[in-house]
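Working notes, beginning with the structure itself.
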Amino acid sequence: MGSRVSREEFEWVYTDQPHAARRKEILAKYPEIKSLMKPDHNLIWIVAMMLLVQLASFYLVKDLDWKWVIFWSYVFGSCLNHSMTLAIHEISHNFPFGHHKALWNRWFGMFANLSLGVPYSVSFKRYHMDHHRYLGADKIDVDIPTDFEGWFFCTTFRKFVWVILQPLFYAFRPLFINPKPITYLEIINTVIQITFDIIIYYVFGVKSLVYMLAATLLGLGLHPISGHFIAEHYMFLKGHETYSYYGPLNLLTFNVGYHNEHHDFPNVPGKNLPMVRKIASEYYDDLPHYNSWIKVLYDFVTDDTISPYSRMKRPPKGNEILE
């Protein structure tokens with residue numbers, strides 16, 4: 001079962017997150033980075049092609065044995081669906097159409113959402129903006145695990161289970177930490193998604209529907225790409241709150257691994273984040289970073305000093321403006 005981890009509470013900090021200060025310093029030295037803050041219209045065609053590929057896979061699996069449906073949902077569908085969640089991350093920052101067409105981005109997010117099987121895009125945008133503005137803020141940033149998660153998932157085996165169940169915790173944690181009133185866009189997102197799921201069921205059959213849902217559940221759980229959930233902000237080294245990843249899986253994830261760069265410059269689309277690092281290399285090269293998300297997952301599960309408690313947490317200031 002593994003031994004109990006030594007950490008028994010979150011790391012409370014009373015200083016501001018480092019990203020705003022570093023952004024100000026970098027822009028003063030390298031104002032040309034502002035030229036990277038522009039829409040990425042290529043996302044429109046990339047997302048459309050990803051959805052078409054997933055639709056083709058629905059057709060290809062509809063008559064397979066169940067074991068092969070699950071096999072391909074993990075080997076192929078999970079990669080595509082996890083990648084799509086990170087396309088939705090890009091969309092939440094208004095990169096496809098720009099900030100002046102914010103509503104276009106919300107509709108496009110619902111389009112990208114279709115391959116996941118569960119409504120996600122609109123709600124993710126609301127909570128993700130809080131994550132950027134108030135990183136680690138207690139009862140605001142729902143990326144922070146609950147006290148129950150930190151207390152219970154404290155052994156090697158339990159942490160392994162926690163990694164498998166990550167998509168469920170990410171789905172339900174907001175309801176306990178920072179519930180928000182439902183918006184009309186969330187209702188539309190849900191209606192469109194359920195309608196699409198019904199169409200998939202009637203056109204392709206139950207195996208294609210299960211393939212789609214399993215691809216999302218498996219792809220966001222015990223999966224190499226899911227290492228980014230833990231790599232981004234779990235405190236493997238005391239005092240370091242955000243970590244970047246510079247490995248090959250960035251090619252499938254819209255460079256979400258460039259996470260220090262992303263939090264420093266959330267208005268820079270993923271395709272330009274490597275340029276941020278290149279221009280301001282002295283600010284990033286010496287920061288702790290990863291080259292393997294698989295190793296991050298392994299270390300998280302097996303290291304007795306790391307648990308869901310291994311996060312920096314800040315008390316809210318009381319003047320936060322939430323989405």
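By convention here, the chains of the structure tokens are called A, B, ... in the order presented, each chain's residues are numbered starting at 1, and ligands are numbered starting at 1 in the order presented.
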Using only C-alpha atoms, determine which residues lie at most 9 Å from region 263-275 of chain A, disregarding the query and same-chain residues fewer than 4 positions distant; provide the list as a ChimeraX atom specification.
/A:18-24,33-34,36-40,90,93-95,132,242,253-256,258-259,279-280
Can I get the selection written as a compact mmCIF listing (two decimals), in the first residue's frame, with C-alpha atoms?
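As a result, out_19.txt now contains:
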# COMPACT_ATOMS: atom_id res chain seq x y z
CA PRO A 18 5.68 35.38 -9.19
CA HIS A 19 4.32 35.60 -12.72
CA ALA A 20 3.13 39.21 -12.78
CA ALA A 21 6.44 40.55 -11.49
CA ARG A 22 8.46 38.44 -13.93
CA ARG A 23 6.20 39.49 -16.82
CA LYS A 24 6.76 43.17 -16.00
CA ILE A 33 7.39 39.89 -26.84
CA LYS A 34 4.25 42.01 -27.21
CA LEU A 36 3.67 37.51 -29.97
CA MET A 37 0.38 38.45 -28.28
CA LYS A 38 -1.91 37.84 -31.24
CA PRO A 39 -4.59 35.34 -32.30
CA ASP A 40 -3.67 31.95 -33.70
CA GLU A 90 -6.29 27.69 -26.08
CA HIS A 93 -7.85 32.39 -23.94
CA ASN A 94 -9.65 33.62 -27.10
CA PHE A 95 -6.77 32.68 -29.39
CA HIS A 132 -4.66 32.64 -13.85
CA THR A 242 5.07 26.50 -11.48
CA THR A 253 -0.70 19.60 -26.46
CA PHE A 254 -0.38 23.06 -28.01
CA ASN A 255 2.79 23.67 -25.96
CA VAL A 256 0.96 23.58 -22.64
CA TYR A 258 5.68 25.78 -21.48
CA HIS A 259 3.81 26.55 -18.31
CA ILE A 279 13.89 35.61 -26.32
CA ALA A 280 14.03 35.70 -22.51
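Proximity to Gly227 (chain A) was assessed for A:Arg311, A:Lys295, A:Lys159, A:His99 counting only C-alpha atoms; the smallest distance is recorded for A:Lys295.
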Near Ala214 (chain A), within 9 Å and counting only C-alpha atoms, which residues show up once chain neighbours fewer than 5 positions away are dropped, as number ranges by chain?
A: 70, 73-74, 77-78, 209, 219
I need the chosen residues saved as a tab-separated table (two decimals), in the first residue's frame, with N, CA and C atoms.
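In the end it all went to out.tsv:
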chain	number	residue	atom	x	y	z
A	70	ILE	N	-12.19	-0.63	-26.38
A	70	ILE	CA	-11.49	-0.04	-25.24
A	70	ILE	C	-10.01	0.15	-25.55
A	73	SER	N	-9.67	3.13	-27.76
A	73	SER	CA	-10.04	4.35	-27.04
A	73	SER	C	-8.88	4.84	-26.19
A	74	TYR	N	-8.06	3.91	-25.65
A	74	TYR	CA	-6.91	4.31	-24.85
A	74	TYR	C	-5.72	4.65	-25.72
A	77	GLY	N	-7.86	7.20	-29.24
A	77	GLY	CA	-8.88	8.20	-28.91
A	77	GLY	C	-8.52	9.06	-27.72
A	78	SER	N	-7.86	8.47	-26.73
A	78	SER	CA	-7.50	9.23	-25.53
A	78	SER	C	-6.51	10.34	-25.86
A	209	LEU	N	-20.21	5.40	-29.04
A	209	LEU	CA	-20.48	6.30	-27.91
A	209	LEU	C	-19.58	5.96	-26.73
A	219	GLY	N	-8.09	9.13	-21.17
A	219	GLY	CA	-7.08	10.09	-21.61
A	219	GLY	C	-6.74	11.13	-20.56
Long-range neighbours of Leu287 (chain A) as a list of chain:residue names, 9 Å cut-off, only C-alpha atoms, 2 positions minimum in chain
A:His240, A:Tyr243, A:Ser244, A:Asn260, A:Tyr283, A:Tyr284, A:Asp285, A:His289
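Pairwise distance (CA of Leu249 (chain A), CA of Val47 (chain A)) equals 17.3 Å.
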Neighbours of Tyr234 (chain A) within 10 Å (only C-alpha atoms; same-chain residues fewer than 4 positions away dropped), as a short mmCIF file (atom, residue, chain, number, x, y, z; two decimals) with N, CA, C and O atoms, in the first residue's frame?
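Output (around30.cif):
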data_model
loop_
_atom_site.label_atom_id
_atom_site.label_comp_id
_atom_site.auth_asym_id
_atom_site.auth_seq_id
_atom_site.Cartn_x
_atom_site.Cartn_y
_atom_site.Cartn_z
N ILE A 144 -6.57 23.59 -7.18
CA ILE A 144 -6.05 23.12 -5.89
C ILE A 144 -6.93 21.98 -5.39
O ILE A 144 -8.15 22.12 -5.31
N HIS A 228 0.87 16.34 -17.26
CA HIS A 228 0.91 17.81 -17.18
C HIS A 228 0.06 18.33 -16.03
O HIS A 228 0.37 19.38 -15.45
N PHE A 229 -1.00 17.61 -15.65
CA PHE A 229 -1.82 18.05 -14.51
C PHE A 229 -0.97 18.22 -13.25
O PHE A 229 -1.16 19.17 -12.49
N ILE A 230 -0.07 17.26 -13.04
CA ILE A 230 0.76 17.28 -11.84
C ILE A 230 2.02 18.12 -12.05
O ILE A 230 2.47 18.83 -11.15
N LYS A 238 10.64 22.71 -2.97
CA LYS A 238 10.06 23.72 -2.10
C LYS A 238 10.35 25.12 -2.64
O LYS A 238 11.47 25.43 -3.03
N HIS A 240 9.07 26.45 -5.36
CA HIS A 240 8.81 26.58 -6.80
C HIS A 240 7.37 26.15 -7.09
O HIS A 240 6.99 25.00 -6.90
N GLU A 241 6.58 27.10 -7.56
CA GLU A 241 5.13 26.90 -7.69
C GLU A 241 4.71 26.42 -9.08
O GLU A 241 3.73 25.69 -9.21
N THR A 242 5.42 26.83 -10.11
CA THR A 242 5.07 26.50 -11.48
C THR A 242 6.29 25.91 -12.18
O THR A 242 7.41 26.40 -12.00
N TYR A 243 6.05 24.87 -12.99
CA TYR A 243 7.14 24.18 -13.67
C TYR A 243 6.79 24.02 -15.15
O TYR A 243 5.64 23.76 -15.50
N VAL A 296 7.17 12.25 -14.19
CA VAL A 296 6.44 13.06 -13.21
C VAL A 296 5.36 12.20 -12.53
O VAL A 296 5.22 12.21 -11.30
N PHE A 300 5.43 11.14 -8.62
CA PHE A 300 4.32 11.56 -7.76
C PHE A 300 3.76 10.38 -6.99
O PHE A 300 3.50 10.47 -5.78
N ILE A 306 5.55 13.52 -1.60
CA ILE A 306 4.68 14.26 -2.51
C ILE A 306 3.26 13.69 -2.42
O ILE A 306 3.07 12.47 -2.37
N SER A 307 2.28 14.57 -2.42
CA SER A 307 0.88 14.15 -2.35
C SER A 307 0.02 15.27 -2.93
O SER A 307 0.54 16.32 -3.32
N PRO A 308 -1.31 15.10 -2.97
CA PRO A 308 -2.16 16.22 -3.38
C PRO A 308 -2.00 17.46 -2.51
O PRO A 308 -2.40 18.56 -2.92
N TYR A 309 -1.43 17.30 -1.31
CA TYR A 309 -1.15 18.45 -0.45
C TYR A 309 0.02 19.30 -0.96
O TYR A 309 0.26 20.39 -0.45
N SER A 310 0.77 18.80 -1.93
CA SER A 310 2.00 19.47 -2.36
C SER A 310 1.71 20.62 -3.31
O SER A 310 2.17 20.66 -4.45
N ARG A 311 0.95 21.56 -2.82
CA ARG A 311 0.60 22.76 -3.58
C ARG A 311 0.75 24.00 -2.71
O ARG A 311 0.55 23.96 -1.51
N MET A 312 1.11 25.09 -3.34
CA MET A 312 1.12 26.37 -2.64
C MET A 312 -0.30 26.93 -2.63
O MET A 312 -1.00 26.91 -3.64
#
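Nearest-residue note for Ala56 (chain A): choosing from A:Trp107, A:Phe160, A:Phe204, A:Tyr134, the minimum distance belongs to A:Phe204, counting only C-alpha atoms.
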At a cut-off of 12 Å, can you tabulate as a Markdown table every residue of region 210-262 of chain A near region 117-123 of chain A together with its closest atom pair and the distance in Å to one decimal, using only C-alpha atoms and ordering rows by chain then number?
| residue | atom | partner | partner_atom | distance |
| --- | --- | --- | --- | --- |
| A:Val210 | CA | A:Gly117 | CA | 9.2 |
| A:Tyr211 | CA | A:Gly117 | CA | 9.7 |
| A:Met212 | CA | A:Gly117 | CA | 6.2 |
| A:Leu213 | CA | A:Gly117 | CA | 5.5 |
| A:Ala214 | CA | A:Gly117 | CA | 9.2 |
| A:Ala215 | CA | A:Gly117 | CA | 9.3 |
| A:Thr216 | CA | A:Gly117 | CA | 7.6 |
| A:Leu217 | CA | A:Gly117 | CA | 9.9 |
